[in-house]
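Shown below: input.cif, with mmCIF, C-alpha atoms.
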```
data_data
#
loop_
_atom_site.label_atom_id
_atom_site.label_comp_id
_atom_site.auth_asym_id
_atom_site.auth_seq_id
_atom_site.Cartn_x
_atom_site.Cartn_y
_atom_site.Cartn_z
CA MET L 1 0.00 0.00 0.00
CA ASP L 2 1.62 3.26 -1.10
CA GLN L 3 1.43 6.55 0.80
CA ASP L 4 -1.56 7.85 -1.17
CA GLU L 5 -3.60 4.71 -0.42
CA GLN L 6 -2.41 4.78 3.19
CA ASP L 7 -3.90 8.26 3.59
CA ARG L 8 -7.30 7.02 2.43
CA ALA L 9 -7.33 4.00 4.77
CA LEU L 10 -8.37 3.86 8.41
CA PRO L 11 -5.62 4.87 10.89
CA ILE L 12 -3.43 1.84 11.59
CA ALA L 13 -3.21 2.67 15.32
CA ASN L 14 -6.99 2.40 15.65
CA VAL L 15 -7.09 -0.84 13.65
CA SER L 16 -4.32 -2.23 15.85
CA ARG L 17 -6.17 -1.26 19.04
CA ILE L 18 -9.36 -3.02 17.91
CA MET L 19 -7.35 -6.12 16.97
CA LYS L 20 -5.71 -6.24 20.38
CA GLN L 21 -9.05 -5.88 22.18
CA ILE L 22 -10.29 -9.25 20.96
CA LEU L 23 -7.10 -11.27 21.45
CA PRO L 24 -5.68 -12.57 24.73
CA PRO L 25 -2.72 -10.60 26.16
CA SER L 26 -0.24 -13.29 25.10
CA ALA L 27 -1.14 -12.97 21.40
CA LYS L 28 0.94 -10.73 19.15
CA ILE L 29 0.26 -9.24 15.73
CA SER L 30 2.96 -8.56 13.14
CA LYS L 31 3.25 -5.15 11.48
CA GLU L 32 2.41 -6.71 8.11
CA GLY L 33 -0.64 -8.36 9.69
CA LYS L 34 -1.91 -4.95 10.80
CA GLN L 35 -1.33 -3.50 7.33
CA VAL L 36 -3.22 -6.37 5.65
CA MET L 37 -6.09 -5.87 8.10
CA GLN L 38 -6.07 -2.14 7.32
CA GLU L 39 -6.44 -2.92 3.61
CA CYS L 40 -9.16 -5.49 4.29
CA VAL L 41 -11.28 -3.12 6.34
CA THR L 42 -10.88 -0.35 3.74
CA GLU L 43 -12.12 -2.78 1.10
CA PHE L 44 -14.98 -3.83 3.40
CA ILE L 45 -16.17 -0.22 3.67
CA SER L 46 -16.13 0.19 -0.13
CA PHE L 47 -17.88 -3.15 -0.60
CA VAL L 48 -20.76 -2.40 1.78
CA THR L 49 -21.27 1.26 0.89
CA GLY L 50 -21.07 0.41 -2.82
CA GLU L 51 -23.89 -2.11 -2.44
CA ALA L 52 -26.01 0.35 -0.43
CA SER L 53 -25.31 3.10 -2.97
CA ASP L 54 -26.39 0.87 -5.87
CA LYS L 55 -29.67 0.16 -4.11
CA CYS L 56 -30.35 3.87 -3.66
CA HIS L 57 -29.44 4.57 -7.28
CA LYS L 58 -31.89 1.92 -8.50
CA GLU L 59 -34.62 3.40 -6.32
CA ASN L 60 -33.80 6.95 -7.53
CA ARG L 61 -32.86 8.16 -4.07
CA LYS L 62 -30.09 10.68 -3.49
CA THR L 63 -29.31 9.89 0.16
CA VAL L 64 -27.99 6.63 1.58
CA ASN L 65 -29.37 5.97 5.07
CA GLY L 66 -28.81 3.45 7.87
CA ASP L 67 -31.46 1.02 6.63
CA ASP L 68 -29.63 0.75 3.31
CA ILE L 69 -26.43 -0.23 5.14
CA CYS L 70 -28.31 -2.91 7.10
CA TRP L 71 -29.83 -4.21 3.87
CA ALA L 72 -26.42 -4.24 2.15
CA LEU L 73 -24.81 -6.17 5.02
CA SER L 74 -27.61 -8.71 4.94
CA SER L 75 -27.53 -9.15 1.16
CA LEU L 76 -23.74 -9.61 1.15
CA GLY L 77 -23.97 -12.49 3.63
CA PHE L 78 -23.19 -10.58 6.82
CA ASP L 79 -26.57 -11.35 8.40
CA ASN L 80 -25.15 -11.37 11.92
CA TYR L 81 -23.65 -7.91 11.38
CA ALA L 82 -26.97 -6.63 10.01
CA GLU L 83 -28.80 -7.80 13.14
CA ALA L 84 -26.34 -6.10 15.49
CA ILE L 85 -26.13 -2.93 13.41
CA GLY L 86 -29.93 -2.80 13.17
CA ARG L 87 -30.22 -2.74 16.95
CA TYR L 88 -27.47 -0.15 17.15
CA LEU L 89 -29.27 2.03 14.60
CA HIS L 90 -32.53 1.75 16.55
CA LYS L 91 -30.80 2.90 19.75
CA TYR L 92 -29.10 5.74 17.89
CA ARG L 93 -32.36 7.03 16.41
CA GLN L 94 -34.06 6.78 19.79
CA ALA L 95 -31.28 8.84 21.38
CA GLU L 96 -31.47 11.41 18.57
CA ARG L 97 -35.25 11.80 19.05
CA GLU L 98 -34.82 12.31 22.78
CA LYS L 99 -32.10 14.88 22.15
CA ILE L 100 -34.32 16.82 19.72
CA ASN L 101 -37.25 16.79 22.16
CA HIS L 102 -34.97 17.96 24.96
CA ASP L 103 -33.63 20.83 22.85
CA LYS L 104 -37.13 21.90 21.78
CA LYS L 105 -38.31 21.98 25.38
CA TYR L 106 -35.60 24.45 26.34
CA GLU L 107 -35.89 26.55 23.17
CA ASN L 108 -39.64 27.21 23.61
CA PRO L 109 -40.37 28.62 27.09
CA HIS L 110 -44.10 27.81 26.90
CA ILE L 111 -43.70 24.03 26.70
CA ASN L 112 -43.81 22.30 30.10
CA ARG L 113 -42.19 25.29 31.74
CA ALA L 114 -43.28 26.41 35.21
CA PRO L 115 -43.69 30.19 35.68
CA PRO L 116 -40.63 31.84 37.18
CA PRO L 117 -40.80 32.25 40.97
CA PRO L 118 -41.53 35.76 42.34
CA LEU L 119 -38.51 37.84 43.21
CA LEU L 120 -37.78 37.13 46.85
CA LEU L 121 -35.66 39.65 48.66
CA SER L 122 -34.22 39.17 52.09
CA ARG L 123 -35.57 41.40 54.87
CA VAL L 124 -32.38 43.47 54.99
CA THR L 125 -32.44 44.07 51.23
CA ARG L 126 -36.17 44.89 51.32
CA ASP L 127 -35.62 47.49 54.08
CA LYS L 128 -32.84 49.07 52.04
CA VAL L 129 -35.09 49.31 48.99
CA GLU L 130 -38.11 50.65 50.88
CA ASN L 131 -36.23 52.95 53.30
CA PRO L 132 -33.01 54.05 51.65
CA PRO L 133 -30.46 55.55 54.05
CA PRO L 134 -30.26 59.35 54.04
CA SER L 135 -27.63 60.68 51.72
CA PRO L 136 -24.72 62.35 53.51
CA PRO L 137 -24.93 66.17 53.59
CA ASN L 138 -22.69 68.05 51.22
CA GLN L 139 -19.81 69.43 53.22
CA SER L 140 -18.61 72.39 51.28
CA GLY L 141 -16.21 74.60 52.97
CA MET A 1 -23.02 8.35 -15.77
CA PHE A 2 -23.42 7.88 -12.03
CA THR A 3 -24.92 10.78 -10.12
CA LYS A 4 -23.33 11.95 -6.89
CA GLN A 5 -25.04 10.69 -3.76
CA MET A 6 -25.20 11.94 -0.21
CA ILE A 7 -25.09 10.01 3.04
CA SER A 8 -27.16 10.58 6.16
CA SER A 9 -25.53 11.53 9.45
CA GLU A 10 -25.98 8.03 10.88
CA ILE A 11 -23.83 6.31 8.23
CA PRO A 12 -20.36 7.09 9.70
CA MET A 13 -21.45 5.86 13.12
CA LEU A 14 -22.96 2.65 11.69
CA MET A 15 -20.03 1.91 9.40
CA SER A 16 -17.51 2.43 12.18
CA LYS A 17 -19.37 -0.13 14.29
CA ALA A 18 -19.56 -2.56 11.37
CA CYS A 19 -15.82 -2.13 10.76
CA GLU A 20 -15.08 -2.78 14.41
CA ILE A 21 -17.01 -6.06 14.33
CA PHE A 22 -15.38 -7.01 11.01
CA ILE A 23 -11.83 -6.36 12.29
CA GLN A 24 -12.48 -8.32 15.47
CA GLU A 25 -13.95 -11.28 13.65
CA LEU A 26 -11.22 -11.50 11.03
CA THR A 27 -8.52 -11.04 13.68
CA PHE A 28 -9.98 -13.72 15.91
CA ARG A 29 -10.25 -16.21 13.05
CA ALA A 30 -6.67 -15.45 11.99
CA TRP A 31 -5.47 -15.94 15.57
CA MET A 32 -7.28 -19.28 15.76
CA HIS A 33 -5.50 -20.31 12.57
CA ALA A 34 -2.12 -19.17 13.94
CA GLU A 35 -2.66 -21.01 17.21
CA LYS A 36 -3.63 -24.18 15.36
CA ASN A 37 -0.18 -24.03 13.73
CA ASN A 38 1.47 -23.39 17.14
CA LYS A 39 2.30 -19.75 16.37
CA SER A 40 1.84 -16.90 18.82
CA ILE A 41 2.07 -14.11 16.23
CA VAL A 42 -0.73 -13.35 13.79
CA GLN A 43 0.79 -12.87 10.34
CA PRO A 44 -0.63 -11.96 6.90
CA CYS A 45 -0.61 -15.61 5.81
CA ASP A 46 -3.07 -16.41 8.63
CA VAL A 47 -5.38 -13.63 7.48
CA ALA A 48 -5.05 -14.86 3.89
CA LYS A 49 -5.99 -18.42 4.84
CA VAL A 50 -9.08 -17.19 6.69
CA ILE A 51 -10.12 -15.10 3.68
CA MET A 52 -9.76 -18.13 1.41
CA GLN A 53 -11.72 -20.42 3.71
CA THR A 54 -14.64 -18.10 4.53
CA ASP A 55 -17.31 -17.57 1.89
CA THR A 56 -18.34 -14.09 3.00
CA MET A 57 -14.71 -12.92 2.97
CA ASN A 58 -14.15 -13.92 -0.65
CA PHE A 59 -14.41 -10.31 -1.81
CA LEU A 60 -10.96 -9.80 -0.22
CA THR A 61 -9.18 -12.44 -2.32
CA GLU A 62 -7.96 -9.82 -4.82
CA ILE A 63 -6.19 -7.65 -2.27
CA ILE A 64 -4.16 -10.27 -0.40
CA PRO A 65 -0.58 -10.40 -1.70
CA ASN A 66 0.36 -13.30 -3.97
CA ASN A 67 3.45 -14.22 -1.98
CA LEU A 68 1.53 -15.39 1.10
CA GLY A 69 2.10 -19.07 0.43
CA ASP A 70 1.56 -21.10 -2.72
CA PHE A 71 -2.04 -22.02 -2.16
CA SER A 72 -5.00 -21.32 -4.36
CA VAL A 73 -8.64 -20.95 -3.37
CA PHE A 74 -9.14 -24.59 -4.31
CA ASP A 75 -6.29 -25.76 -2.06
CA ALA A 76 -7.63 -23.76 0.86
CA LYS A 77 -11.12 -25.20 0.39
CA GLU A 78 -9.66 -28.72 0.16
CA GLU A 79 -7.70 -28.14 3.36
CA ASN A 80 -10.84 -26.89 5.08
CA ILE A 81 -12.78 -30.02 4.06
CA ALA A 82 -9.94 -32.23 5.31
CA ASN A 83 -9.93 -30.39 8.64
CA ILE A 84 -13.66 -30.95 9.06
CA ALA A 85 -13.15 -34.68 8.54
CA GLU A 86 -10.15 -34.94 10.87
CA GLU A 87 -10.83 -32.54 13.71
CA ASN A 88 -13.04 -32.91 16.72
CA GLU A 89 -16.61 -31.98 15.78
CA VAL A 90 -16.97 -29.90 18.94
CA SER A 91 -14.04 -27.59 18.27
CA LEU A 92 -15.35 -26.91 14.76
CA SER A 93 -18.76 -25.91 16.03
CA PHE A 94 -17.02 -23.25 18.11
CA THR A 95 -14.70 -21.88 15.45
CA ALA A 96 -16.92 -22.12 12.40
CA GLY A 97 -20.10 -21.14 14.22
CA PHE A 98 -19.12 -17.51 14.63
CA MET A 99 -20.09 -16.40 11.14
CA GLY A 100 -23.38 -18.24 11.45
CA ASN A 101 -24.64 -16.48 14.55
CA PRO A 102 -22.32 -14.54 16.86
CA MET A 103 -25.13 -13.79 19.28
CA MET A 104 -25.63 -17.40 20.29
CA LYS A 105 -24.65 -18.49 23.78
CA MET A 106 -22.05 -21.22 23.61
CA ASP A 107 -21.52 -21.52 27.35
CA SER A 108 -24.74 -23.41 28.09
CA GLU A 109 -24.86 -26.61 30.14
CA GLU A 110 -25.14 -28.92 27.15
CA ASN A 111 -21.82 -27.61 25.83
CA ALA A 112 -20.07 -27.76 29.19
CA GLY A 113 -19.13 -31.41 28.71
CA ASN A 114 -17.99 -30.76 25.16
CA ILE A 115 -15.59 -28.05 26.29
CA VAL A 116 -13.88 -30.53 28.61
CA GLU A 117 -13.60 -33.12 25.84
CA GLY A 118 -12.32 -30.64 23.24
CA ASN A 119 -9.01 -28.85 22.98
CA GLN A 120 -8.39 -27.47 26.48
CA ALA A 121 -6.01 -24.74 25.31
CA THR A 122 -8.26 -22.89 22.89
CA LEU A 123 -11.85 -23.84 23.56
CA PRO A 124 -12.52 -22.16 26.92
CA TYR A 125 -11.37 -18.82 25.51
CA THR A 126 -13.30 -19.39 22.31
CA SER A 127 -16.47 -20.29 24.14
CA GLY A 128 -16.26 -17.06 26.12
CA PHE A 129 -15.82 -15.12 22.91
CA MET A 130 -18.76 -16.82 21.26
CA GLY A 131 -21.02 -16.16 24.21
CA ASN A 132 -20.36 -12.47 24.59
CA PRO A 133 -17.27 -11.03 22.89
CA MET A 134 -16.35 -8.10 25.15
CA ASN A 135 -20.05 -7.17 25.19
CA MET A 136 -19.49 -6.33 21.53
CA MET A 137 -22.83 -7.64 20.38
CA ASN A 138 -24.76 -6.73 23.51
CA MET A 139 -26.47 -3.59 22.30
CA ASP A 140 -28.65 -3.28 25.41
CA ASN A 141 -25.72 -1.69 27.21
CA VAL A 142 -25.15 0.94 24.54
CA ARG A 143 -25.56 4.49 25.80
CA MET A 144 -25.77 7.25 23.27
CA LYS A 145 -24.48 10.65 24.34
#
```

Would you write out, as structure tokens, the structure that this file holds?
Amino acid sequence: MDQDEQDRALPIANVSRIMKQILPPSAKISKEGKQVMQECVTEFISFVTGEASDKCHKENRKTVNGDDICWALSSLGFDNYAEAIGRYLHKYRQAEREKINHDKKYENPHINRAPPPPLLLSRVTRDKVENPPPSPPNQSG
Amino acid sequence: MFTKQMISSEIPMLMSKACEIFIQELTFRAWMHAEKNNKSIVQPCDVAKVIMQTDTMNFLTEIIPNNLGDFSVFDAKEENIANIAEENEVSLSFTAGFMGNPMMKMDSEENAGNIVEGNQATLPYTSGFMGNPMNMMNMDNVRMK
């Protein structure tokens, strides 16, 4: 993989970290092994997104969405991935909806918003407001 | 001529998760292959063998270097068939079962006896992976920020 291709691939440090997560501590991975994995995962991305993109093109749609990715994974034989990703997508959309509702609530003050409490002043402050102290006399001389 | 397409905001998040699962599966299979040959280091030839032997990974056959051993797709398939005939049936159900359904629980009582009978070195770790690989597939614990 030359430098130009390397720039388009996923970062090798991240690929390496994911590889190490799944293996026991005693296992080691060669540098070439990491590079091959980097190429494989780059190809995997192209493979899946290409399939999803073709589906959208056939259906005259301009935007590829999460359901297209799930369909592509399933049609390419990665049924187990599609099931996991489908659940992940459902959770993501749920979280997005909650976030939008939360933002709307705080943007619009009339939705589920209690009236602001009356201004409560302490007794000392109230006395100062009602009976201000006499101003000192001008001492000119 | 192909028109330009857009992607929704959820695509990068979904694809990153799919890539994570893909890397972990391919790595684990390659490690199993390396360990079977009494090697502690996962090398490109192990990844290549896995690609040759797994149907869903066949799209990667073009990108693996040609110098990773003098075996063709046919040889790899032949070797795989020979392994199925020779090896313990239990150990194969653990290693080959992952592509079929990674969500299945392999640590149930009916398999407890099989684990003892099978290869002691690899199977206990494999069975743990099959059951719940680092909570990778357990999406109930996912918290979105």

Here's the selection I'm unsure about, the PyMOL selection byres ((chain L) within 8 of (chain A)); applied to the file above, which residues does it give, as a CSV table (one decimal) with C-alpha atoms, keeping the file's coordinate frame?
```
chain,number,residue,atom,x,y,z
L,15,VAL,CA,-7.1,-0.8,13.6
L,18,ILE,CA,-9.4,-3.0,17.9
L,19,MET,CA,-7.4,-6.1,17.0
L,21,GLN,CA,-9.0,-5.9,22.2
L,22,ILE,CA,-10.3,-9.2,21.0
L,23,LEU,CA,-7.1,-11.3,21.4
L,26,SER,CA,-0.2,-13.3,25.1
L,27,ALA,CA,-1.1,-13.0,21.4
L,28,LYS,CA,0.9,-10.7,19.2
L,29,ILE,CA,0.3,-9.2,15.7
L,30,SER,CA,3.0,-8.6,13.1
L,32,GLU,CA,2.4,-6.7,8.1
L,33,GLY,CA,-0.6,-8.4,9.7
L,36,VAL,CA,-3.2,-6.4,5.6
L,37,MET,CA,-6.1,-5.9,8.1
L,39,GLU,CA,-6.4,-2.9,3.6
L,40,CYS,CA,-9.2,-5.5,4.3
L,41,VAL,CA,-11.3,-3.1,6.3
L,43,GLU,CA,-12.1,-2.8,1.1
L,44,PHE,CA,-15.0,-3.8,3.4
L,45,ILE,CA,-16.2,-0.2,3.7
L,53,SER,CA,-25.3,3.1,-3.0
L,62,LYS,CA,-30.1,10.7,-3.5
L,63,THR,CA,-29.3,9.9,0.2
L,64,VAL,CA,-28.0,6.6,1.6
L,65,ASN,CA,-29.4,6.0,5.1
L,66,GLY,CA,-28.8,3.4,7.9
L,69,ILE,CA,-26.4,-0.2,5.1
L,76,LEU,CA,-23.7,-9.6,1.2
L,77,GLY,CA,-24.0,-12.5,3.6
L,78,PHE,CA,-23.2,-10.6,6.8
L,80,ASN,CA,-25.2,-11.4,11.9
L,81,TYR,CA,-23.6,-7.9,11.4
L,84,ALA,CA,-26.3,-6.1,15.5
L,85,ILE,CA,-26.1,-2.9,13.4
L,87,ARG,CA,-30.2,-2.7,17.0
L,88,TYR,CA,-27.5,-0.2,17.2
L,89,LEU,CA,-29.3,2.0,14.6
L,91,LYS,CA,-30.8,2.9,19.8
L,92,TYR,CA,-29.1,5.7,17.9
L,95,ALA,CA,-31.3,8.8,21.4
```

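The coordinates place CA of Glu51 (chain L) at 17.9 Å from CA of Glu62 (chain A).
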
What is the CA of Asp54 (chain L)-CA of Leu10 (chain L) distance in Å, reported with one decimal?
23.2 Å

Pairwise distance, CA of Trp71 (chain L) with CA of Lys55 (chain L), equals 9.1 Å

Using all atoms of region 84-96 of chain L listed in the file and a margin of 5 Å per side, can you give the axis-aligned box centre and edge lengths in Å to one decimal, as AutoDock Vina command-line options?
```
--center_x -30.1 --center_y 2.7 --center_z 17.3 --size_x 17.9 --size_y 27.5 --size_z 18.2
```
